[in-house]
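Participant: One file: start36.pdb (PDB, C-alpha atoms and all ligand atoms).
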ATOM      1  CA  MET A   1     -30.913  77.779-145.492
ATOM      2  CA  SER A   2     -32.524  81.014-144.341
ATOM      3  CA  LYS A   3     -30.980  84.344-145.253
ATOM      4  CA  LEU A   4     -32.874  86.041-142.437
ATOM      5  CA  GLN A   5     -31.464  86.634-138.985
ATOM      6  CA  THR A   6     -34.099  87.067-136.294
ATOM      7  CA  GLU A   7     -33.718  88.235-132.753
ATOM      8  CA  ALA A   8     -36.596  88.100-130.249
ATOM      9  CA  LEU A   9     -37.646  91.426-128.711
ATOM     10  CA  HIS A  10     -39.926  90.361-125.834
ATOM     11  CA  ALA A  11     -40.727  87.078-124.089
ATOM     12  CA  ASP A  12     -44.303  87.137-125.451
ATOM     13  CA  PHE A  13     -43.838  88.285-129.062
ATOM     14  CA  GLY A  14     -41.818  90.430-131.468
ATOM     15  CA  ALA A  15     -38.616  89.996-133.463
ATOM     16  CA  SER A  16     -36.052  92.127-135.193
ATOM     17  CA  VAL A  17     -35.234  90.802-138.661
ATOM     18  CA  ARG A  18     -32.132  91.434-140.741
ATOM     19  CA  GLY A  19     -30.827  90.016-143.987
ATOM     20  CA  VAL A  20     -33.353  91.310-146.519
ATOM     21  CA  ASP A  21     -33.695  94.546-148.463
ATOM     22  CA  LEU A  22     -37.456  95.187-148.566
ATOM     23  CA  SER A  23     -37.139  97.600-151.490
ATOM     24  CA  SER A  24     -35.694  94.883-153.750
ATOM     25  CA  SER A  25     -37.606  91.998-155.271
ATOM     26  CA  ILE A  26     -37.945  89.321-152.630
ATOM     27  CA  ASP A  27     -37.625  85.648-153.575
ATOM     28  CA  ASP A  28     -40.456  83.202-152.852
ATOM     29  CA  ALA A  29     -38.667  81.335-150.074
ATOM     30  CA  THR A  30     -38.022  84.600-148.216
ATOM     31  CA  LYS A  31     -41.623  85.704-148.745
ATOM     32  CA  ASP A  32     -42.844  82.466-147.174
ATOM     33  CA  GLU A  33     -40.449  82.925-144.324
ATOM     34  CA  ILE A  34     -41.660  86.484-143.641
ATOM     35  CA  ARG A  35     -45.293  85.270-143.559
ATOM     36  CA  GLU A  36     -44.329  82.510-141.161
ATOM     37  CA  LEU A  37     -42.490  85.011-138.928
ATOM     38  CA  ILE A  38     -45.559  87.278-138.850
ATOM     39  CA  ASP A  39     -47.746  84.382-137.682
ATOM     40  CA  THR A  40     -45.198  83.370-135.057
ATOM     41  CA  TYR A  41     -43.965  86.724-133.705
ATOM     42  CA  SER A  42     -46.894  89.113-134.491
ATOM     43  CA  PHE A  43     -44.449  92.053-134.648
ATOM     44  CA  LEU A  44     -41.424  92.351-136.937
ATOM     45  CA  CYS A  45     -38.972  95.227-137.181
ATOM     46  CA  PHE A  46     -36.679  95.418-140.211
ATOM     47  CA  PRO A  47     -34.063  98.048-139.292
ATOM     48  CA  GLU A  48     -32.086 100.194-141.752
ATOM     49  CA  GLN A  49     -34.517  99.939-144.655
ATOM     50  CA  SER A  50     -34.964 102.540-147.333
ATOM     51  CA  LEU A  51     -38.584 102.592-148.515
ATOM     52  CA  ASP A  52     -40.180 105.419-150.437
ATOM     53  CA  ASP A  53     -43.978 105.353-150.911
ATOM     54  CA  ASP A  54     -43.801 103.265-154.100
ATOM     55  CA  ALA A  55     -41.635 100.641-152.449
ATOM     56  CA  LEU A  56     -43.827 100.640-149.331
ATOM     57  CA  LEU A  57     -46.956 100.040-151.421
ATOM     58  CA  LYS A  58     -45.216  97.292-153.388
ATOM     59  CA  PHE A  59     -44.160  95.577-150.177
ATOM     60  CA  THR A  60     -47.716  95.949-148.829
ATOM     61  CA  GLN A  61     -49.123  94.344-151.985
ATOM     62  CA  PHE A  62     -46.779  91.421-151.567
ATOM     63  CA  LEU A  63     -48.322  90.873-148.112
ATOM     64  CA  GLY A  64     -51.909  91.157-149.368
ATOM     65  CA  GLU A  65     -54.632  93.542-150.496
ATOM     66  CA  PRO A  66     -53.937  97.139-149.335
ATOM     67  CA  GLU A  67     -56.737  98.578-147.215
ATOM     68  CA  ALA A  68     -58.187 101.995-148.132
ATOM     69  CA  GLU A  69     -57.438 104.502-145.377
ATOM     70  CA  HIS A  70     -60.740 105.017-143.513
ATOM     71  CA  VAL A  71     -60.581 108.725-142.623
ATOM     72  CA  THR A  72     -60.314 109.913-146.242
ATOM     73  CA  LEU A  73     -62.668 107.187-147.454
ATOM     74  CA  GLY A  74     -65.315 108.151-144.886
ATOM     75  CA  ARG A  75     -65.032 111.889-145.424
ATOM     76  CA  THR A  76     -64.721 112.066-149.212
ATOM     77  CA  GLY A  77     -65.174 108.551-150.645
ATOM     78  CA  GLU A  78     -61.662 108.726-152.103
ATOM     79  CA  ILE A  79     -59.481 105.629-151.924
ATOM     80  CA  GLN A  80     -55.949 106.146-150.774
ATOM     81  CA  TYR A  81     -53.590 103.682-149.208
ATOM     82  CA  PHE A  82     -51.215 105.838-147.186
ATOM     83  CA  GLY A  83     -51.591 107.374-143.799
ATOM     84  CA  THR A  84     -49.067 109.793-142.346
ATOM     85  CA  VAL A  85     -48.296 109.322-138.682
ATOM     86  CA  GLY A  86     -46.627 112.207-136.881
ATOM     87  CA  ASN A  87     -46.575 115.953-137.257
ATOM     88  CA  VAL A  88     -45.077 116.682-140.681
ATOM     89  CA  SER A  89     -47.324 117.856-143.547
ATOM     90  CA  ASP A  90     -46.885 116.671-147.126
ATOM     91  CA  ASP A  91     -45.173 119.981-147.918
ATOM     92  CA  GLY A  92     -42.599 119.266-145.201
ATOM     93  CA  THR A  93     -43.797 121.806-142.637
ATOM     94  CA  LYS A  94     -44.093 120.795-139.003
ATOM     95  CA  LYS A  95     -47.365 120.943-137.040
ATOM     96  CA  GLY A  96     -46.943 121.874-133.394
ATOM     97  CA  ASN A  97     -48.732 120.752-130.226
ATOM     98  CA  ALA A  98     -51.628 123.195-130.774
ATOM     99  CA  HIS A  99     -52.496 121.937-134.289
ATOM    100  CA  PRO A 100     -55.847 120.052-134.479
ATOM    101  CA  ASP A 101     -54.209 117.133-136.373
ATOM    102  CA  THR A 102     -51.692 116.702-133.551
ATOM    103  CA  HIS A 103     -54.561 116.623-131.077
ATOM    104  CA  TYR A 104     -56.565 114.163-133.220
ATOM    105  CA  GLN A 105     -53.644 111.734-133.212
ATOM    106  CA  THR A 106     -53.674 111.601-129.403
ATOM    107  CA  GLY A 107     -56.580 109.126-129.890
ATOM    108  CA  ASN A 108     -53.834 106.683-130.893
ATOM    109  CA  GLN A 109     -52.499 106.856-127.345
ATOM    110  CA  LEU A 110     -55.315 104.522-126.238
ATOM    111  CA  TRP A 111     -54.663 100.775-126.619
ATOM    112  CA  HIS A 112     -56.197  99.628-129.888
ATOM    113  CA  ALA A 113     -56.035  97.287-132.855
ATOM    114  CA  ASP A 114     -56.084  99.217-136.138
ATOM    115  CA  SER A 115     -59.463  99.281-137.873
ATOM    116  CA  SER A 116     -61.059  96.822-135.417
ATOM    117  CA  PHE A 117     -64.209  98.944-135.954
ATOM    118  CA  ARG A 118     -64.503  97.876-139.587
ATOM    119  CA  GLU A 119     -66.740  95.083-140.792
ATOM    120  CA  LEU A 120     -63.602  93.251-141.907
ATOM    121  CA  PRO A 121     -60.747  94.669-139.831
ATOM    122  CA  CYS A 122     -57.289  94.910-141.349
ATOM    123  CA  SER A 123     -54.845  92.127-140.619
ATOM    124  CA  LEU A 124     -51.491  93.910-140.755
ATOM    125  CA  THR A 125     -50.149  97.432-140.439
ATOM    126  CA  ILE A 126     -46.843  98.366-142.057
ATOM    127  CA  THR A 127     -45.080 101.519-140.909
ATOM    128  CA  HIS A 128     -41.889 103.004-142.246
ATOM    129  CA  ALA A 129     -40.157 105.648-140.109
ATOM    130  CA  HIS A 130     -38.620 108.565-142.014
ATOM    131  CA  GLU A 131     -38.067 111.048-139.182
ATOM    132  CA  VAL A 132     -38.276 110.312-135.458
ATOM    133  CA  PRO A 133     -38.160 112.513-132.337
ATOM    134  CA  GLY A 134     -34.947 112.593-130.309
ATOM    135  CA  GLU A 135     -37.106 112.018-127.248
ATOM    136  CA  GLY A 136     -40.546 110.416-126.753
ATOM    137  CA  GLY A 137     -42.839 109.081-129.472
ATOM    138  CA  ALA A 138     -42.258 105.369-128.836
ATOM    139  CA  THR A 139     -45.058 102.981-129.782
ATOM    140  CA  GLU A 140     -46.006 100.361-127.201
ATOM    141  CA  PHE A 141     -47.291  96.893-128.065
ATOM    142  CA  VAL A 142     -48.872  94.018-126.131
ATOM    143  CA  SER A 143     -50.018  90.560-127.172
ATOM    144  CA  ALA A 144     -53.634  89.548-126.585
ATOM    145  CA  ARG A 145     -52.566  86.057-127.679
ATOM    146  CA  ALA A 146     -50.144  85.747-124.765
ATOM    147  CA  ALA A 147     -52.779  87.213-122.421
ATOM    148  CA  TYR A 148     -55.437  84.755-123.636
ATOM    149  CA  GLU A 149     -53.057  81.832-123.218
ATOM    150  CA  ARG A 150     -52.402  82.875-119.597
ATOM    151  CA  LEU A 151     -56.116  82.620-118.713
ATOM    152  CA  PRO A 152     -57.497  79.550-116.928
ATOM    153  CA  GLU A 153     -59.155  77.017-119.221
ATOM    154  CA  GLU A 154     -62.723  77.679-117.965
ATOM    155  CA  GLU A 155     -62.352  81.422-118.517
ATOM    156  CA  ARG A 156     -61.164  80.808-122.077
ATOM    157  CA  ALA A 157     -64.125  78.527-122.767
ATOM    158  CA  LYS A 158     -66.516  81.244-121.564
ATOM    159  CA  LEU A 159     -64.943  83.900-123.810
ATOM    160  CA  ASP A 160     -65.107  81.615-126.833
ATOM    161  CA  GLN A 161     -68.903  82.001-126.897
ATOM    162  CA  LEU A 162     -69.035  85.813-126.836
ATOM    163  CA  LYS A 163     -69.173  88.655-129.351
ATOM    164  CA  VAL A 164     -67.938  92.192-128.875
ATOM    165  CA  ILE A 165     -69.138  95.446-130.444
ATOM    166  CA  HIS A 166     -66.408  97.709-131.831
ATOM    167  CA  ASP A 167     -67.454 101.294-132.456
ATOM    168  CA  TYR A 168     -65.180 104.022-133.808
ATOM    169  CA  VAL A 169     -67.478 106.917-132.949
ATOM    170  CA  PHE A 170     -67.781 105.656-129.353
ATOM    171  CA  SER A 171     -64.002 105.661-128.860
ATOM    172  CA  ARG A 172     -62.876 108.586-131.009
ATOM    173  CA  SER A 173     -65.511 111.089-129.944
ATOM    174  CA  GLN A 174     -64.002 110.914-126.430
ATOM    175  CA  VAL A 175     -60.910 112.566-127.904
ATOM    176  CA  ALA A 176     -62.119 114.807-130.743
ATOM    177  CA  PRO A 177     -65.289 115.394-132.784
ATOM    178  CA  VAL A 178     -65.770 112.917-135.639
ATOM    179  CA  ASP A 179     -66.734 114.240-139.069
ATOM    180  CA  PRO A 180     -70.438 113.301-139.696
ATOM    181  CA  ALA A 181     -69.788 111.595-143.075
ATOM    182  CA  HIS A 182     -66.878 109.674-141.535
ATOM    183  CA  ALA A 183     -69.071 108.653-138.577
ATOM    184  CA  ALA A 184     -71.881 107.481-140.892
ATOM    185  CA  SER A 185     -69.414 105.332-142.857
ATOM    186  CA  LEU A 186     -68.484 103.363-139.734
ATOM    187  CA  PRO A 187     -71.551 101.921-137.986
ATOM    188  CA  PRO A 188     -70.816  99.721-134.931
ATOM    189  CA  VAL A 189     -69.848  96.117-135.790
ATOM    190  CA  ALA A 190     -69.928  92.837-133.847
ATOM    191  CA  HIS A 191     -66.873  90.552-133.912
ATOM    192  CA  ARG A 192     -66.209  87.258-132.198
ATOM    193  CA  LEU A 193     -64.435  87.981-128.924
ATOM    194  CA  VAL A 194     -61.961  85.174-129.579
ATOM    195  CA  LYS A 195     -60.018  84.964-132.810
ATOM    196  CA  GLU A 196     -57.908  82.086-134.048
ATOM    197  CA  ASN A 197     -54.949  82.235-136.393
ATOM    198  CA  PRO A 198     -55.835  79.566-138.979
ATOM    199  CA  ARG A 199     -52.184  78.833-139.781
ATOM    200  CA  ASN A 200     -51.020  77.939-136.287
ATOM    201  CA  GLY A 201     -54.298  77.576-134.363
ATOM    202  CA  ARG A 202     -53.247  80.071-131.693
ATOM    203  CA  LYS A 203     -56.095  82.067-130.190
ATOM    204  CA  ASN A 204     -56.495  85.495-128.660
ATOM    205  CA  TYR A 205     -59.243  87.783-127.544
ATOM    206  CA  TYR A 206     -60.000  90.962-129.431
ATOM    207  CA  VAL A 207     -60.737  94.035-127.332
ATOM    208  CA  GLY A 208     -59.276  97.550-127.377
ATOM    209  CA  SER A 209     -60.282 101.176-127.115
ATOM    210  CA  HIS A 210     -62.895 100.719-129.852
ATOM    211  CA  SER A 211     -64.683  97.944-127.900
ATOM    212  CA  ARG A 212     -67.948  99.351-126.646
ATOM    213  CA  SER A 213     -69.793  96.374-125.191
ATOM    214  CA  ILE A 214     -70.218  92.610-125.111
ATOM    215  CA  VAL A 215     -73.302  91.297-126.900
ATOM    216  CA  GLY A 216     -75.894  89.913-124.469
ATOM    217  CA  LEU A 217     -74.284  91.246-121.272
ATOM    218  CA  GLY A 218     -75.707  94.114-119.205
ATOM    219  CA  GLY A 219     -73.937  97.486-119.041
ATOM    220  CA  ILE A 220     -71.840  96.999-115.921
ATOM    221  CA  GLU A 221     -71.013  93.342-116.542
ATOM    222  CA  SER A 222     -70.103  94.114-120.132
ATOM    223  CA  ARG A 223     -67.852  97.048-119.230
ATOM    224  CA  SER A 224     -66.109  95.224-116.421
ATOM    225  CA  LEU A 225     -65.326  92.207-118.631
ATOM    226  CA  ILE A 226     -63.773  94.488-121.275
ATOM    227  CA  ASP A 227     -61.816  96.378-118.598
ATOM    228  CA  GLU A 228     -60.618  93.122-117.009
ATOM    229  CA  LEU A 229     -59.410  91.737-120.334
ATOM    230  CA  MET A 230     -57.683  95.023-121.180
ATOM    231  CA  ALA A 231     -55.947  95.116-117.800
ATOM    232  CA  ALA A 232     -54.749  91.516-118.193
ATOM    233  CA  THR A 233     -53.347  92.272-121.658
ATOM    234  CA  THR A 234     -51.627  95.552-120.809
ATOM    235  CA  ARG A 235     -49.804  94.694-117.564
ATOM    236  CA  PRO A 236     -46.510  96.637-117.500
ATOM    237  CA  GLU A 237     -44.327  93.529-117.879
ATOM    238  CA  ALA A 238     -46.304  92.490-120.984
ATOM    239  CA  ILE A 239     -45.431  95.696-122.874
ATOM    240  CA  TYR A 240     -42.811  95.922-125.579
ATOM    241  CA  SER A 241     -41.981  99.578-126.196
ATOM    242  CA  HIS A 242     -40.628 100.235-129.679
ATOM    243  CA  GLN A 243     -38.204 103.138-129.800
ATOM    244  CA  TRP A 244     -38.252 104.088-133.452
ATOM    245  CA  ALA A 245     -35.114 104.696-135.478
ATOM    246  CA  ALA A 246     -35.277 106.334-138.896
ATOM    247  CA  GLY A 247     -35.230 103.505-141.443
ATOM    248  CA  ASP A 248     -37.272 101.046-139.346
ATOM    249  CA  THR A 249     -39.928  99.192-141.297
ATOM    250  CA  VAL A 250     -42.297  97.560-138.849
ATOM    251  CA  ILE A 251     -45.122  95.089-139.474
ATOM    252  CA  TRP A 252     -47.604  94.308-136.756
ATOM    253  CA  ASP A 253     -50.474  91.874-136.637
ATOM    254  CA  ASN A 254     -53.650  93.671-135.562
ATOM    255  CA  ARG A 255     -55.508  90.390-135.271
ATOM    256  CA  CYS A 256     -53.724  89.666-131.993
ATOM    257  CA  LEU A 257     -51.720  92.733-130.857
ATOM    258  CA  LEU A 258     -52.765  96.024-129.321
ATOM    259  CA  HIS A 259     -50.652  99.135-129.588
ATOM    260  CA  ARG A 260     -50.663 102.741-128.467
ATOM    261  CA  GLY A 261     -48.606 105.818-129.225
ATOM    262  CA  THR A 262     -46.758 107.673-126.483
ATOM    263  CA  PRO A 263     -46.440 111.472-126.327
ATOM    264  CA  TYR A 264     -43.633 113.586-127.729
ATOM    265  CA  ASP A 265     -43.136 117.325-127.935
ATOM    266  CA  ALA A 266     -44.465 118.274-131.386
ATOM    267  CA  ASP A 267     -43.233 121.848-130.943
ATOM    268  CA  ARG A 268     -39.690 120.585-130.595
ATOM    269  CA  TRP A 269     -39.429 117.445-132.762
ATOM    270  CA  ARG A 270     -40.375 116.219-136.203
ATOM    271  CA  ARG A 271     -41.967 112.777-136.534
ATOM    272  CA  ARG A 272     -42.862 111.430-139.945
ATOM    273  CA  MET A 273     -43.913 107.893-140.669
ATOM    274  CA  ARG A 274     -45.773 106.491-143.623
ATOM    275  CA  GLN A 275     -48.250 103.756-142.962
ATOM    276  CA  THR A 276     -50.205 101.228-144.997
ATOM    277  CA  ARG A 277     -52.481  98.396-143.968
ATOM    278  CA  VAL A 278     -53.318  95.003-145.347
ATOM    279  CA  ALA A 279     -57.035  94.220-145.548
ATOM    280  CA  GLY A 280     -58.350  91.311-143.519
ATOM    281  CA  SER A 281     -59.675  88.123-145.044
ATOM    282  CA  GLU A 282     -62.852  86.216-144.167
ATOM    283  CA  SER A 283     -60.801  83.213-143.098
ATOM    284  CA  GLY A 284     -58.576  85.408-140.920
ATOM    285  CA  SER A 285     -55.477  83.850-142.457
ATOM    286  CA  THR A 286     -52.269  85.712-143.159
ATOM    287  CA  PRO A 287     -52.796  87.186-146.617
ATOM    288  CA  HIS A 288     -50.942  85.814-149.616
TER     289      HIS A 288
HETATM  290 FE    FE A 301     -52.895 102.497-134.610
END
Let's see the structure in the file written out as C-alpha cells.
Facilitator:
Amino acid sequence: MSKLQTEALHADFGASVRGVDLSSSIDDATKDEIRELIDTYSFLCFPEQSLDDDALLKFTQFLGEPEAEHVTLGRTGEIQYFGTVGNVSDDGTKKGNAHPDTHYQTGNQLWHADSSFRELPCSLTITHAHEVPGEGGATEFVSARAAYERLPEEERAKLDQLKVIHDYVFSRSQVAPVDPAHAASLPPVAHRLVKENPRNGRKNYYVGSHSRSIVGLGGIESRSLIDELMAATTRPEAIYSHQWAAGDTVIWDNRCLLHRGTPYDADRWRRRMRQTRVAGSESGSTPH
C-alpha cells in the first residue's frame, strides 16, 4: 500500500504530496510512485521538506541526469547544476529592485517551459524554497496537455504535423541584453509542435515565450497560431497559482506545463530558492 498521500491542486493538473522525506533514501516502490505521479499530475509539491544543496542534487539524480545550467555554461563553459531564483546572493545579501539580476529575472514573468530553446530541452525542474516573500512572488502554472485535449479533433490533427522554432535570444533580448557568448551557445532550434508522453500516451503542444515561429508558415499566420495556442493554454481559469511556503519542494514537468513568475517587492522581501533541472531524453520519457 502507498505511503504517499496526494491531494489534487487544480482540475487540470497538480498535486500536493505528503508522506515522504525527500532528504532520506527513498525506497524503490516510492520512487516508482513519484515517477508515476509526475506523469499523471505534471506538477508535484512536497511541503515541509528540508533540502540543502547536496540533498537537492541527490534527489535530482534519482529523477535523472542533472542538466547543466545554461547561463553559466554559455558565458564561461563551466558546468554547474544549481540556479538561484530570487534576490539573495550566495553571501546572503539581498538585491533590490534596481539590481540588474532582479531585472534579468523579470524575463521569467513571461509564460515559458524551462530550456525549451535547447536542442534537447530539460524534462523536469525541481525547486526548493528557502525564503519566500510575505507578499507576491507566486509562480503560476498552466497545462498545455489539458489545453491540447480541449481542442477539436481536426485542429489537433493539423498541429501534429507542425514544427516550432524556439529561440532564447529572440525572447530574452526583449527583456535584457544577452551576453554574446551565451547567445552564440544557444542557436534557434526546431521542435515538434506536439509532444507525447511515452508512458501514458497523453499529448500536448509545446509553445511559450521562447517560440519564435512555426516552420513553413508565413510571418502573420505563424505568429497568430502561436498567440492563439498561448491564449488557449493560459485562460485565467486554467491557471494554478502556487503560493510558495518555505520548505516546499516542487517538481514540474516542462514537457507539458508552462509557468511564469509574478512580481514581488525585492526592496522589501527576501526570496531564495535553489533550482535544478533534469535533462531531457531522446524518447521524451520520464527519466529513470
Ligand atoms: Fe522558468
Participant: What do you get as a list in words if you pick all residues at most 7 Å from ligand FE 301 (chain A), counting only C-alpha atoms and all ligand atoms?
Facilitator: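 For ligand FE 301 (chain A), the residues inside 7 Å are Asn108, His112, Ala113, Asp114, His259 and Arg260 of chain A.
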Participant: Determine, counting all atoms listed in the file, which protein, DNA and RNA residues have an atom within 12 Å of an atom of Gly134 of chain A; residues of the same chain fewer than 4 positions away are not included. Present the result as number ranges by chain.
Facilitator: A: 138, 243-246, 264-266, 268-271
Participant: Within 12 Å of Gly19 of chain A, counting all atoms listed in the file, which residues qualify if same-chain residues fewer than 5 places away don't, as JSON, numbers by chain?
Facilitator: {"A": [2, 3, 4, 5, 6, 7, 24, 26, 30, 33, 34, 45, 46, 47, 48, 49]}
Participant: Figure out the distance between atom CA of Tyr206 of chain A and atom CA of Gln174 of chain A, please, to one decimal in Å.
Facilitator: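 Calculated distance between atom CA of Gln174 of chain A and atom CA of Tyr206 of chain A is 20.6 Å.
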Participant: Select, from A:Pro236, A:Gly219, A:Gly14, A:Gly208, the residue with the minimum atom-to-atom distance to Leu258 of chain A, counting only C-alpha atoms.
Facilitator: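 Nearest to Leu258 of chain A: A:Gly208.
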Participant: Can you pull out every residue within 8 Å of Thr60 of chain A, counting all atoms listed in the file, but drop anything in the same chain fewer than 6 positions away, and send it as a list of chain:residue names?
Facilitator: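 My list of contacting residues is A:Pro66, A:Ile126, A:Thr276, A:Arg277, A:Val278.
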Participant: Using only C-alpha atoms, please write the residues we just selected to a file, as a short mmCIF file (atom, residue, chain, number, x, y, z; two decimals), keeping the file's coordinate frame.
Facilitator:
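Result file result.cif:
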data_model
loop_
_atom_site.label_atom_id
_atom_site.label_comp_id
_atom_site.auth_asym_id
_atom_site.auth_seq_id
_atom_site.Cartn_x
_atom_site.Cartn_y
_atom_site.Cartn_z
CA PRO A 66 -53.94 97.14 -149.34
CA ILE A 126 -46.84 98.37 -142.06
CA THR A 276 -50.20 101.23 -145.00
CA ARG A 277 -52.48 98.40 -143.97
CA VAL A 278 -53.32 95.00 -145.35
#
Participant: How would you write, as a VMD selection string, the residues chosen by the PyMOL selection byres (((chain A and resi 162-173) around 9) and not hetatm) on this structure?
Facilitator: chain A and resid 104 107 115 to 118 158 to 161 174 to 178 183 186 to 194 206 to 216 226
Participant: Taking the file as shown, find all residues satisfying the PyMOL selection byres (((chain A and resi 229) around 10) and not hetatm) and write them as an MDAnalysis selection string.
Facilitator: chainID A and resid 144 147:148 151 205:208 224:228 230:234
Participant: Would you save the residues from that selection as a PDB file, keeping the file's coordinate frame, using C-alpha atoms?
Facilitator:
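And here is the file that came out, selection_5.pdb:
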ATOM      1  CA  ALA A 144     -53.634  89.548-126.585  1.00  0.00           C
ATOM      2  CA  ALA A 147     -52.779  87.213-122.421  1.00  0.00           C
ATOM      3  CA  TYR A 148     -55.437  84.755-123.636  1.00  0.00           C
ATOM      4  CA  LEU A 151     -56.116  82.620-118.713  1.00  0.00           C
ATOM      5  CA  TYR A 205     -59.243  87.783-127.544  1.00  0.00           C
ATOM      6  CA  TYR A 206     -60.000  90.962-129.431  1.00  0.00           C
ATOM      7  CA  VAL A 207     -60.737  94.035-127.332  1.00  0.00           C
ATOM      8  CA  GLY A 208     -59.276  97.550-127.377  1.00  0.00           C
ATOM      9  CA  SER A 224     -66.109  95.224-116.421  1.00  0.00           C
ATOM     10  CA  LEU A 225     -65.326  92.207-118.631  1.00  0.00           C
ATOM     11  CA  ILE A 226     -63.773  94.488-121.275  1.00  0.00           C
ATOM     12  CA  ASP A 227     -61.816  96.378-118.598  1.00  0.00           C
ATOM     13  CA  GLU A 228     -60.618  93.122-117.009  1.00  0.00           C
ATOM     14  CA  MET A 230     -57.683  95.023-121.180  1.00  0.00           C
ATOM     15  CA  ALA A 231     -55.947  95.116-117.800  1.00  0.00           C
ATOM     16  CA  ALA A 232     -54.749  91.516-118.193  1.00  0.00           C
ATOM     17  CA  THR A 233     -53.347  92.272-121.658  1.00  0.00           C
ATOM     18  CA  THR A 234     -51.627  95.552-120.809  1.00  0.00           C
TER      19      THR A 234
END
Participant: Can you pull out the residues contacting Ser50 of chain A? Cut-off 12 Å, using only C-alpha atoms, and skip same-chain residues under 5 positions away; I want them as a PyMOL selection string.
Facilitator: chain A and resi 20-24+55-56+59+128-130+246-249
Participant: Any idea what the distance is between atom CA of Ser281 of chain A and atom CA of Pro121 of chain A?
Facilitator: 8.4 Å
Participant: May I have the residues at most 8 Å from (-49.2, 100.7, -125.5) in the file's coordinates, counting all atoms listed in the file, as a ChimeraX atom specification?
Facilitator: /A:109-111,139-142,234,239-241,258-262
Participant: Please determine an axis-aligned box that encloses all atoms of segment 264-275 of chain A listed in the file, with 4 Å added on each side, and express its centre and edge lengths in Å to one decimal as AutoDock Vina command-line options.
Facilitator:
--center_x -43.8 --center_y 112.8 --center_z -135.7 --size_x 16.8 --size_y 26.1 --size_z 23.9
